[in-house]
file protein-v6.pdb (PDB, C-alpha atoms)
ATOM      1  CA  MET A  16      94.380 177.902-181.697
ATOM      2  CA  THR A  17      95.654 174.381-181.525
ATOM      3  CA  LEU A  18      93.899 171.479-179.896
ATOM      4  CA  GLU A  19      95.806 169.127-177.617
ATOM      5  CA  ILE A  20      95.093 165.568-176.528
ATOM      6  CA  LEU A  21      93.176 165.361-173.264
ATOM      7  CA  GLU A  22      92.094 161.711-173.417
ATOM      8  CA  THR A  23      93.486 158.707-175.262
ATOM      9  CA  ALA A  24      91.367 155.556-175.477
ATOM     10  CA  LEU A  25      92.353 151.896-175.668
ATOM     11  CA  TYR A  26      90.146 148.816-175.484
ATOM     12  CA  THR A  27      90.182 145.505-173.661
ATOM     13  CA  ASP A  28      87.765 142.739-172.766
ATOM     14  CA  ASP A  29      89.489 142.282-169.392
ATOM     15  CA  LEU A  30      89.374 145.494-167.403
ATOM     16  CA  GLU A  31      90.740 143.853-164.249
ATOM     17  CA  ALA A  32      93.869 142.683-166.034
ATOM     18  CA  ALA A  33      94.242 146.149-167.556
ATOM     19  CA  GLU A  34      93.902 147.851-164.183
ATOM     20  CA  ALA A  35      96.490 145.559-162.618
ATOM     21  CA  PHE A  36      98.935 146.193-165.455
ATOM     22  CA  TYR A  37      98.608 149.955-165.739
ATOM     23  CA  THR A  38      98.713 150.523-161.979
ATOM     24  CA  ASP A  39     101.205 147.875-160.840
ATOM     25  CA  VAL A  40     103.624 147.996-163.773
ATOM     26  CA  LEU A  41     103.303 151.526-165.179
ATOM     27  CA  GLY A  42     102.326 153.211-161.919
ATOM     28  CA  PHE A  43      99.219 154.992-163.202
ATOM     29  CA  GLU A  44      96.542 156.203-160.776
ATOM     30  CA  VAL A  45      92.933 155.067-161.259
ATOM     31  CA  ILE A  46      90.599 158.052-161.277
ATOM     32  CA  LEU A  47      87.335 156.430-162.361
ATOM     33  CA  ARG A  48      86.038 152.897-162.631
ATOM     34  CA  ALA A  49      82.711 151.490-163.876
ATOM     35  CA  GLU A  50      82.500 147.735-163.519
ATOM     36  CA  GLY A  51      82.434 146.003-166.883
ATOM     37  CA  ARG A  52      82.582 149.281-168.828
ATOM     38  CA  HIS A  53      85.755 151.249-168.160
ATOM     39  CA  VAL A  54      88.693 152.162-165.989
ATOM     40  CA  PHE A  55      90.372 155.569-166.407
ATOM     41  CA  PHE A  56      93.910 156.490-165.421
ATOM     42  CA  ARG A  57      95.327 159.887-164.590
ATOM     43  CA  LEU A  58      98.567 160.732-166.368
ATOM     44  CA  GLU A  59     100.653 163.851-165.827
ATOM     45  CA  ASN A  60      98.253 166.249-167.504
ATOM     46  CA  SER A  61      95.908 163.972-169.427
ATOM     47  CA  VAL A  62      93.847 160.803-169.034
ATOM     48  CA  LEU A  63      94.161 157.280-170.431
ATOM     49  CA  LEU A  64      90.746 155.685-170.975
ATOM     50  CA  MET A  65      90.440 151.899-171.048
ATOM     51  CA  PHE A  66      87.076 150.678-172.294
ATOM     52  CA  ASN A  67      85.406 147.317-172.774
ATOM     53  CA  PRO A  68      83.963 147.653-176.295
ATOM     54  CA  ALA A  69      81.180 145.163-175.511
ATOM     55  CA  SER A  70      79.825 147.866-173.215
ATOM     56  CA  THR A  71      80.640 151.085-175.058
ATOM     57  CA  GLU A  72      79.438 149.884-178.466
ATOM     58  CA  THR A  73      75.882 150.214-177.208
ATOM     59  CA  GLN A  74      74.805 153.724-176.339
ATOM     60  CA  ARG A  75      72.757 153.923-173.184
ATOM     61  CA  ILE A  76      69.639 155.814-174.111
ATOM     62  CA  GLY A  77      68.184 158.271-171.639
ATOM     63  CA  ASP A  78      71.296 158.741-169.557
ATOM     64  CA  ALA A  79      72.150 162.432-169.451
ATOM     65  CA  LEU A  80      75.826 161.627-168.958
ATOM     66  CA  SER A  81      75.915 159.057-171.726
ATOM     67  CA  ALA A  82      78.649 159.697-174.235
ATOM     68  CA  PRO A  83      78.098 158.582-177.838
ATOM     69  CA  SER A  84      78.812 154.954-178.627
ATOM     70  CA  HIS A  85      82.240 153.824-179.753
ATOM     71  CA  GLY A  86      84.311 150.688-179.411
ATOM     72  CA  ALA A  87      87.188 149.259-181.399
ATOM     73  CA  ARG A  88      88.437 145.680-181.584
ATOM     74  CA  GLY A  89      91.943 144.565-182.285
ATOM     75  CA  PRO A  90      95.185 145.927-180.883
ATOM     76  CA  GLY A  91      95.378 149.699-180.644
ATOM     77  CA  HIS A  92      98.438 151.848-180.086
ATOM     78  CA  ALA A  93      99.518 154.651-177.783
ATOM     79  CA  CYS A  94     102.885 156.217-177.125
ATOM     80  CA  PHE A  95     103.975 157.709-173.835
ATOM     81  CA  ARG A  96     106.591 160.436-173.583
ATOM     82  CA  VAL A  97     109.464 159.367-171.367
ATOM     83  CA  GLY A  98     110.367 161.857-168.656
ATOM     84  CA  SER A  99     113.694 162.825-167.187
ATOM     85  CA  GLU A 100     113.980 159.338-165.658
ATOM     86  CA  GLY A 101     115.010 158.091-169.100
ATOM     87  CA  LEU A 102     114.320 154.910-171.025
ATOM     88  CA  GLU A 103     116.770 152.797-169.057
ATOM     89  CA  THR A 104     114.571 153.192-165.982
ATOM     90  CA  TRP A 105     111.610 151.864-167.977
ATOM     91  CA  ARG A 106     113.629 148.969-169.369
ATOM     92  CA  GLN A 107     114.328 147.984-165.773
ATOM     93  CA  ILE A 108     110.723 148.454-164.636
ATOM     94  CA  LEU A 109     109.426 146.314-167.498
ATOM     95  CA  GLY A 110     112.118 143.714-166.935
ATOM     96  CA  LYS A 111     111.310 143.348-163.245
ATOM     97  CA  ALA A 112     107.648 142.821-164.185
ATOM     98  CA  ASP A 113     108.568 140.226-166.831
ATOM     99  CA  ILE A 114     107.097 142.405-169.588
ATOM    100  CA  ALA A 115     108.984 141.688-172.786
ATOM    101  CA  ILE A 116     110.269 144.574-174.888
ATOM    102  CA  GLU A 117     109.028 143.592-178.328
ATOM    103  CA  THR A 118     111.094 146.056-180.322
ATOM    104  CA  GLU A 119     113.410 148.957-179.765
ATOM    105  CA  ILE A 120     113.741 151.542-182.517
ATOM    106  CA  THR A 121     116.303 154.298-182.930
ATOM    107  CA  TRP A 122     114.711 156.909-185.180
ATOM    108  CA  PRO A 123     116.699 158.789-187.835
ATOM    109  CA  ASN A 124     117.106 161.827-185.547
ATOM    110  CA  GLY A 125     118.516 159.667-182.736
ATOM    111  CA  ALA A 126     115.393 159.450-180.563
ATOM    112  CA  VAL A 127     114.732 155.994-179.114
ATOM    113  CA  SER A 128     111.444 154.131-178.552
ATOM    114  CA  ILE A 129     110.731 150.860-176.773
ATOM    115  CA  TYR A 130     107.616 148.838-177.577
ATOM    116  CA  PHE A 131     105.742 146.349-175.423
ATOM    117  CA  ARG A 132     102.203 144.962-175.058
ATOM    118  CA  ASP A 133      99.521 145.446-172.464
ATOM    119  CA  PRO A 134      97.525 142.340-171.387
ATOM    120  CA  ALA A 135      94.969 142.950-174.166
ATOM    121  CA  GLY A 136      97.682 143.071-176.818
ATOM    122  CA  ASN A 137      97.624 146.823-177.327
ATOM    123  CA  SER A 138     100.973 148.035-178.650
ATOM    124  CA  LEU A 139     102.441 150.489-176.159
ATOM    125  CA  GLU A 140     105.468 152.645-176.796
ATOM    126  CA  ILE A 141     107.583 154.704-174.461
ATOM    127  CA  GLY A 142     109.684 157.121-176.432
ATOM    128  CA  GLU A 143     111.705 160.296-176.415
ATOM    129  CA  ALA A 144     109.593 163.234-177.568
ATOM    130  CA  LYS A 145     112.462 164.572-179.623
ATOM    131  CA  MET A 146     111.447 161.988-182.229
ATOM    132  CA  TRP A 147     108.852 164.612-183.195
ATOM    133  CA  GLY A 148     110.950 167.643-182.401
ATOM    134  CA  LEU A 149     109.020 168.023-179.146
ATOM    135  CA  ASN A 150     110.351 168.373-175.630
TER
ATOM    136  CA  MET B 116     107.924 159.799-162.565
ATOM    137  CA  THR B 117     104.705 159.995-164.508
ATOM    138  CA  LEU B 118     104.302 159.153-168.141
ATOM    139  CA  GLU B 119     102.376 161.458-170.433
ATOM    140  CA  ILE B 120     100.681 160.847-173.751
ATOM    141  CA  LEU B 121     102.908 161.596-176.727
ATOM    142  CA  GLU B 122     100.886 159.889-179.486
ATOM    143  CA  THR B 123      97.229 158.963-179.761
ATOM    144  CA  ALA B 124      96.147 156.589-182.526
ATOM    145  CA  LEU B 125      92.897 156.321-184.444
ATOM    146  CA  TYR B 126      92.075 154.156-187.455
ATOM    147  CA  THR B 127      90.389 154.628-190.804
ATOM    148  CA  ASP B 128      90.184 152.858-194.146
ATOM    149  CA  ASP B 129      90.126 156.218-195.954
ATOM    150  CA  LEU B 130      93.250 158.199-195.141
ATOM    151  CA  GLU B 131      92.483 160.886-197.727
ATOM    152  CA  ALA B 132      89.123 161.657-196.157
ATOM    153  CA  ALA B 133      90.780 161.717-192.730
ATOM    154  CA  GLU B 134      93.485 164.095-193.906
ATOM    155  CA  ALA B 135      90.946 166.459-195.438
ATOM    156  CA  PHE B 136      88.864 166.458-192.260
ATOM    157  CA  TYR B 137      91.636 166.909-189.708
ATOM    158  CA  THR B 138      93.407 169.601-191.705
ATOM    159  CA  ASP B 139      90.492 171.528-193.249
ATOM    160  CA  VAL B 140      88.051 171.333-190.344
ATOM    161  CA  LEU B 141      90.199 170.983-187.221
ATOM    162  CA  GLY B 142      93.227 172.843-188.569
ATOM    163  CA  PHE B 143      95.826 170.202-187.769
ATOM    164  CA  GLU B 144      99.189 170.171-189.534
ATOM    165  CA  VAL B 145     100.336 167.026-191.381
ATOM    166  CA  ILE B 146     103.826 166.034-190.282
ATOM    167  CA  LEU B 147     104.180 162.628-191.911
ATOM    168  CA  ARG B 148     102.331 160.694-194.584
ATOM    169  CA  ALA B 149     102.796 157.179-195.981
ATOM    170  CA  GLU B 150     100.380 156.409-198.793
ATOM    171  CA  GLY B 151      97.904 153.721-197.807
ATOM    172  CA  ARG B 152      99.395 153.295-194.321
ATOM    173  CA  HIS B 153      99.194 156.446-192.230
ATOM    174  CA  VAL B 154      98.943 160.191-191.899
ATOM    175  CA  PHE B 155     100.222 161.890-188.729
ATOM    176  CA  PHE B 156      99.170 165.291-187.385
ATOM    177  CA  ARG B 157     101.081 167.633-185.127
ATOM    178  CA  LEU B 158      99.099 168.955-182.180
ATOM    179  CA  GLU B 159     100.293 171.521-179.652
ATOM    180  CA  ASN B 160     102.764 169.240-177.905
ATOM    181  CA  SER B 161     101.786 165.761-179.089
ATOM    182  CA  VAL B 162     100.906 163.841-182.230
ATOM    183  CA  LEU B 163      97.679 162.319-183.545
ATOM    184  CA  LEU B 164      98.338 159.165-185.573
ATOM    185  CA  MET B 165      95.795 158.032-188.136
ATOM    186  CA  PHE B 166      96.419 154.515-189.450
ATOM    187  CA  ASN B 167      94.823 152.230-192.010
ATOM    188  CA  PRO B 168      94.561 148.935-190.067
ATOM    189  CA  ALA B 169      94.724 146.911-193.290
ATOM    190  CA  SER B 170      98.327 148.083-193.506
ATOM    191  CA  THR B 171      99.442 148.196-189.872
ATOM    192  CA  GLU B 172      97.997 144.798-188.940
ATOM    193  CA  THR B 173     100.797 143.179-190.896
ATOM    194  CA  GLN B 174     104.256 143.768-189.540
ATOM    195  CA  ARG B 175     106.826 144.448-192.194
ATOM    196  CA  ILE B 176     109.662 142.059-191.527
ATOM    197  CA  GLY B 177     113.198 143.237-192.064
ATOM    198  CA  ASP B 178     112.517 146.935-191.908
ATOM    199  CA  ALA B 179     114.677 148.473-189.208
ATOM    200  CA  LEU B 180     112.145 151.222-188.633
ATOM    201  CA  SER B 181     109.182 148.863-188.534
ATOM    202  CA  ALA B 182     107.061 149.313-185.439
ATOM    203  CA  PRO B 183     105.207 146.256-184.089
ATOM    204  CA  SER B 184     101.899 145.414-185.723
ATOM    205  CA  HIS B 185      98.643 146.851-184.429
ATOM    206  CA  GLY B 186      95.328 147.832-185.928
ATOM    207  CA  ALA B 187      91.853 148.233-184.493
ATOM    208  CA  ARG B 188      88.523 148.176-186.266
ATOM    209  CA  GLY B 189      85.385 149.932-185.215
ATOM    210  CA  PRO B 190      84.966 153.491-183.966
ATOM    211  CA  GLY B 191      87.638 154.671-181.544
ATOM    212  CA  HIS B 192      87.588 157.700-179.304
ATOM    213  CA  ALA B 193      89.817 160.638-178.516
ATOM    214  CA  CYS B 194      89.205 163.838-176.593
ATOM    215  CA  PHE B 195      90.887 167.156-177.302
ATOM    216  CA  ARG B 196      91.389 169.811-174.658
ATOM    217  CA  VAL B 197      89.773 173.080-175.683
ATOM    218  CA  GLY B 198      92.056 176.096-175.423
ATOM    219  CA  SER B 199      91.352 179.664-174.441
ATOM    220  CA  GLU B 200      89.292 180.075-177.624
ATOM    221  CA  GLY B 201      86.477 178.229-175.853
ATOM    222  CA  LEU B 202      83.876 175.725-176.991
ATOM    223  CA  GLU B 203      81.685 178.305-178.725
ATOM    224  CA  THR B 204      84.446 178.859-181.274
ATOM    225  CA  TRP B 205      84.472 175.130-182.012
ATOM    226  CA  ARG B 206      80.685 174.973-182.266
ATOM    227  CA  GLN B 207      80.959 177.636-184.959
ATOM    228  CA  ILE B 208      83.856 175.916-186.749
ATOM    229  CA  LEU B 209      81.990 172.601-186.830
ATOM    230  CA  GLY B 210      78.769 174.298-187.872
ATOM    231  CA  LYS B 211      80.400 176.082-190.811
ATOM    232  CA  ALA B 212      81.822 172.738-191.949
ATOM    233  CA  ASP B 213      78.416 171.043-191.626
ATOM    234  CA  ILE B 214      79.778 168.669-188.981
ATOM    235  CA  ALA B 215      76.931 167.714-186.664
ATOM    236  CA  ILE B 216      77.429 167.899-182.911
ATOM    237  CA  GLU B 217      76.142 164.501-181.838
ATOM    238  CA  THR B 218      75.908 165.213-178.118
ATOM    239  CA  GLU B 219      76.822 167.903-175.660
ATOM    240  CA  ILE B 220      77.429 166.909-172.056
ATOM    241  CA  THR B 221      77.731 169.083-168.978
ATOM    242  CA  TRP B 222      79.656 167.066-166.418
ATOM    243  CA  PRO B 223      78.818 167.149-162.691
ATOM    244  CA  ASN B 224      81.602 169.661-161.998
ATOM    245  CA  GLY B 225      80.325 172.034-164.706
ATOM    246  CA  ALA B 226      82.825 171.200-167.433
ATOM    247  CA  VAL B 227      81.322 170.906-170.912
ATOM    248  CA  SER B 228      82.143 168.494-173.776
ATOM    249  CA  ILE B 229      80.923 168.436-177.349
ATOM    250  CA  TYR B 230      80.997 165.220-179.379
ATOM    251  CA  PHE B 231      81.149 164.736-183.136
ATOM    252  CA  ARG B 232      82.379 162.139-185.651
ATOM    253  CA  ASP B 233      85.303 162.055-188.025
ATOM    254  CA  PRO B 234      84.674 160.644-191.533
ATOM    255  CA  ALA B 235      85.540 157.114-190.329
ATOM    256  CA  GLY B 236      83.023 157.315-187.516
ATOM    257  CA  ASN B 237      85.537 157.790-184.718
ATOM    258  CA  SER B 238      83.924 159.576-181.780
ATOM    259  CA  LEU B 239      85.755 162.849-181.187
ATOM    260  CA  GLU B 240      85.266 165.072-178.187
ATOM    261  CA  ILE B 241      86.384 168.623-177.509
ATOM    262  CA  GLY B 242      86.113 169.366-173.836
ATOM    263  CA  GLU B 243      87.196 171.550-170.971
ATOM    264  CA  ALA B 244      90.094 169.960-169.086
ATOM    265  CA  LYS B 245      88.566 170.940-165.763
ATOM    266  CA  MET B 246      86.324 167.885-166.205
ATOM    267  CA  TRP B 247      89.343 165.997-164.832
ATOM    268  CA  GLY B 248      90.575 168.725-162.535
ATOM    269  CA  LEU B 249      93.235 169.591-165.117
ATOM    270  CA  ASN B 250      94.042 172.978-166.626
TER
END

call {"tool": "encode", "arguments": {"input": "protein-v6.pdb", "output": "structure tokens"}}
result
Amino acid sequence: MTLEILETALYTDDLEAAEAFYTDVLGFEVILRAEGRHVFFRLENSVLLMFNPASTETQRIGDALSAPSHGARGPGHACFRVGSEGLETWRQILGKADIAIETEITWPNGAVSIYFRDPAGNSLEIGEAKMWGLN
Amino acid sequence: MTLEILETALYTDDLEAAEAFYTDVLGFEVILRAEGRHVFFRLENSVLLMFNPASTETQRIGDALSAPSHGARGPGHACFRVGSEGLETWRQILGKADIAIETEITWPNGAVSIYFRDPAGNSLEIGEAKMWGLN
């Protein structure tokens, strides 16, 4: 009985810039959008949530579909598992979009990660899952 | 070519309390620990990262394995996909640990989520993946 991640959340005060970045550069599909509050992206078998904390910090009372309040400020972090396309494909995609690779790390077991920033400054990583002994 | 979440990050200023909660209550396995900086938990096929932002906000210069700085403050959010054990099992697990269920939501397509807090106040959700049309 082991839980698995279904949704990962990041925060931004500019949802339009986030939507442009995650769709145009990373190729994610928007599955839900609430103006000024959030935009959600479908990944392979999970969902990336992008929230504006100015909206989610305040719980809407009386809304039956109102999730509890949350909202973080400052750069968060998420790591995406690279698929069979390999990291070189992502280096090229980021390069064509003029997204700088901030750091590249080769972990002790040989797995490689590249790090870059989204428009809000969140630290994103694309890495080989073998860094954790995963496939 | 679709990316998938490999690591989800949350933040806390009390890593010991986080470790006790995620291991004792949720049953996660610790895979890496750096005193005062982070504790990482292995999930089914991904990793939950718990960081102290006071440490990760400052990039360590000159360390070859130093990831770029990040660090958010305020309650974050993550959602875990419930397995075949079902939500009732998790209601019982949380109840036995005296963890209050803050909200329960039935989504328009019938999927159910329960929400609770970790010791740092992060908003955690355990939900049925069919809320997103996922398995």

call {"tool": "closest_atom_pairs", "arguments": {"input": "protein-v6.pdb", "of": "chain B", "to": "chain A", "cutoff": "6 Å", "atoms": "all atoms listed in the file", "output": "CSV"}}
result
residue,atom,partner,partner_atom,distance
B:Thr117,CA,A:Glu59,CA,5.7
B:Leu118,CA,A:Phe95,CA,5.9
B:Glu119,CA,A:Phe95,CA,5.3
B:Ile120,CA,A:Phe95,CA,4.6
B:Leu121,CA,A:Phe95,CA,5.0
B:Glu122,CA,A:Cys94,CA,4.8
B:Thr123,CA,A:Ala93,CA,5.3
B:Ala124,CA,A:His92,CA,5.8
B:Leu158,CA,A:Glu19,CA,5.6
B:Glu159,CA,A:Glu19,CA,5.5
B:His185,CA,A:Pro90,CA,5.0
B:Gly186,CA,A:Pro90,CA,5.4
B:Ala187,CA,A:Gly89,CA,4.3
B:Arg188,CA,A:Ala87,CA,5.2
B:Gly189,CA,A:Ala87,CA,4.3
B:Pro190,CA,A:His85,CA,5.0
B:Gly191,CA,A:Ala87,CA,5.4
B:His192,CA,A:Ala24,CA,5.8
B:Ala193,CA,A:Thr23,CA,5.3
B:Cys194,CA,A:Glu22,CA,4.8
B:Phe195,CA,A:Ile20,CA,4.6
B:Arg196,CA,A:Leu21,CA,5.0

call {"tool": "atom_distance", "arguments": {"input": "protein-v6.pdb", "atom1": "CA of Val45 in chain A", "atom2": "CA of Val127 in chain A"}}
result
28.2 Å

call {"tool": "closest_residue", "arguments": {"input": "protein-v6.pdb", "among": "B:Val154, B:Thr173, B:Met246, B:Asp233", "to": "Ala212 in chain B", "atoms": "all atoms listed in the file"}}
result
B:Asp233

call {"tool": "atom_distance", "arguments": {"input": "protein-v6.pdb", "atom1": "CA of Ser70 in chain A", "atom2": "CA of Asn167 in chain B"}}
result
24.4 Å

call {"tool": "atom_distance", "arguments": {"input": "protein-v6.pdb", "atom1": "CA of Ala235 in chain B", "atom2": "CA of Phe136 in chain B"}}
result
10.1 Å

call {"tool": "closest_residue", "arguments": {"input": "protein-v6.pdb", "among": "B:Ala226, B:Leu209, B:Ala132, B:Arg152", "to": "Lys245 in chain B", "atoms": "only C-alpha atoms"}}
result
B:Ala226

call {"tool": "build_atoms", "arguments": {"input": "protein-v6.pdb", "residues": "range 215-244 of chain B", "atoms": "N, CA and C atoms", "output": "compact mmCIF listing (two decimals), in the frame of the given file"}}
result
# COMPACT_ATOMS: atom_id res chain seq x y z
N ALA B 215 77.96 167.71 -187.71
CA ALA B 215 76.93 167.71 -186.66
C ALA B 215 77.54 167.47 -185.30
N ILE B 216 77.08 168.21 -184.30
CA ILE B 216 77.43 167.90 -182.91
C ILE B 216 76.45 166.83 -182.43
N GLU B 217 77.00 165.66 -182.15
CA GLU B 217 76.14 164.50 -181.84
C GLU B 217 75.54 164.63 -180.44
N THR B 218 76.34 165.08 -179.51
CA THR B 218 75.91 165.21 -178.12
C THR B 218 76.71 166.33 -177.48
N GLU B 219 76.09 166.97 -176.52
CA GLU B 219 76.82 167.90 -175.66
C GLU B 219 76.54 167.50 -174.23
N ILE B 220 77.59 167.37 -173.44
CA ILE B 220 77.43 166.91 -172.06
C ILE B 220 77.99 167.96 -171.11
N THR B 221 77.22 168.28 -170.09
CA THR B 221 77.73 169.08 -168.98
C THR B 221 77.99 168.13 -167.82
N TRP B 222 79.26 168.01 -167.46
CA TRP B 222 79.66 167.07 -166.42
C TRP B 222 79.30 167.60 -165.04
N PRO B 223 79.26 166.72 -164.03
CA PRO B 223 78.82 167.15 -162.69
C PRO B 223 79.59 168.35 -162.14
N ASN B 224 80.85 168.52 -162.54
CA ASN B 224 81.60 169.66 -162.00
C ASN B 224 81.48 170.91 -162.88
N GLY B 225 80.57 170.85 -163.89
CA GLY B 225 80.32 172.03 -164.71
C GLY B 225 81.09 172.09 -166.01
N ALA B 226 82.08 171.23 -166.17
CA ALA B 226 82.82 171.20 -167.43
C ALA B 226 81.91 170.73 -168.56
N VAL B 227 82.17 171.23 -169.76
CA VAL B 227 81.32 170.91 -170.91
C VAL B 227 82.15 170.21 -171.99
N SER B 228 81.54 169.19 -172.63
CA SER B 228 82.14 168.49 -173.78
C SER B 228 81.18 168.51 -174.94
N ILE B 229 81.73 168.66 -176.15
CA ILE B 229 80.92 168.44 -177.35
C ILE B 229 81.51 167.24 -178.10
N TYR B 230 80.61 166.45 -178.70
CA TYR B 230 81.00 165.22 -179.38
C TYR B 230 80.58 165.29 -180.84
N PHE B 231 81.45 164.81 -181.71
CA PHE B 231 81.15 164.74 -183.14
C PHE B 231 81.93 163.57 -183.72
N ARG B 232 81.74 163.30 -185.00
CA ARG B 232 82.38 162.14 -185.65
C ARG B 232 83.36 162.59 -186.72
N ASP B 233 84.45 161.83 -186.86
CA ASP B 233 85.30 162.06 -188.02
C ASP B 233 84.73 161.22 -189.18
N PRO B 234 85.28 161.36 -190.39
CA PRO B 234 84.67 160.64 -191.53
C PRO B 234 84.64 159.13 -191.36
N ALA B 235 85.53 158.56 -190.55
CA ALA B 235 85.54 157.11 -190.33
C ALA B 235 84.57 156.69 -189.24
N GLY B 236 83.95 157.66 -188.59
CA GLY B 236 83.02 157.32 -187.52
C GLY B 236 83.65 157.32 -186.13
N ASN B 237 84.93 157.66 -186.04
CA ASN B 237 85.54 157.79 -184.72
C ASN B 237 84.83 158.89 -183.92
N SER B 238 84.62 158.63 -182.65
CA SER B 238 83.92 159.58 -181.78
C SER B 238 84.92 160.57 -181.20
N LEU B 239 84.85 161.81 -181.66
CA LEU B 239 85.76 162.85 -181.19
C LEU B 239 85.03 163.75 -180.19
N GLU B 240 85.81 164.21 -179.23
CA GLU B 240 85.27 165.07 -178.19
C GLU B 240 86.19 166.27 -178.05
N ILE B 241 85.62 167.45 -177.92
CA ILE B 241 86.38 168.62 -177.51
C ILE B 241 85.80 169.05 -176.18
N GLY B 242 86.64 169.10 -175.17
CA GLY B 242 86.11 169.37 -173.84
C GLY B 242 87.02 170.23 -173.00
N GLU B 243 86.45 170.71 -171.92
CA GLU B 243 87.20 171.55 -170.97
C GLU B 243 87.94 170.64 -170.00
N ALA B 244 89.25 170.86 -169.88
CA ALA B 244 90.09 169.96 -169.09
C ALA B 244 89.71 169.94 -167.61
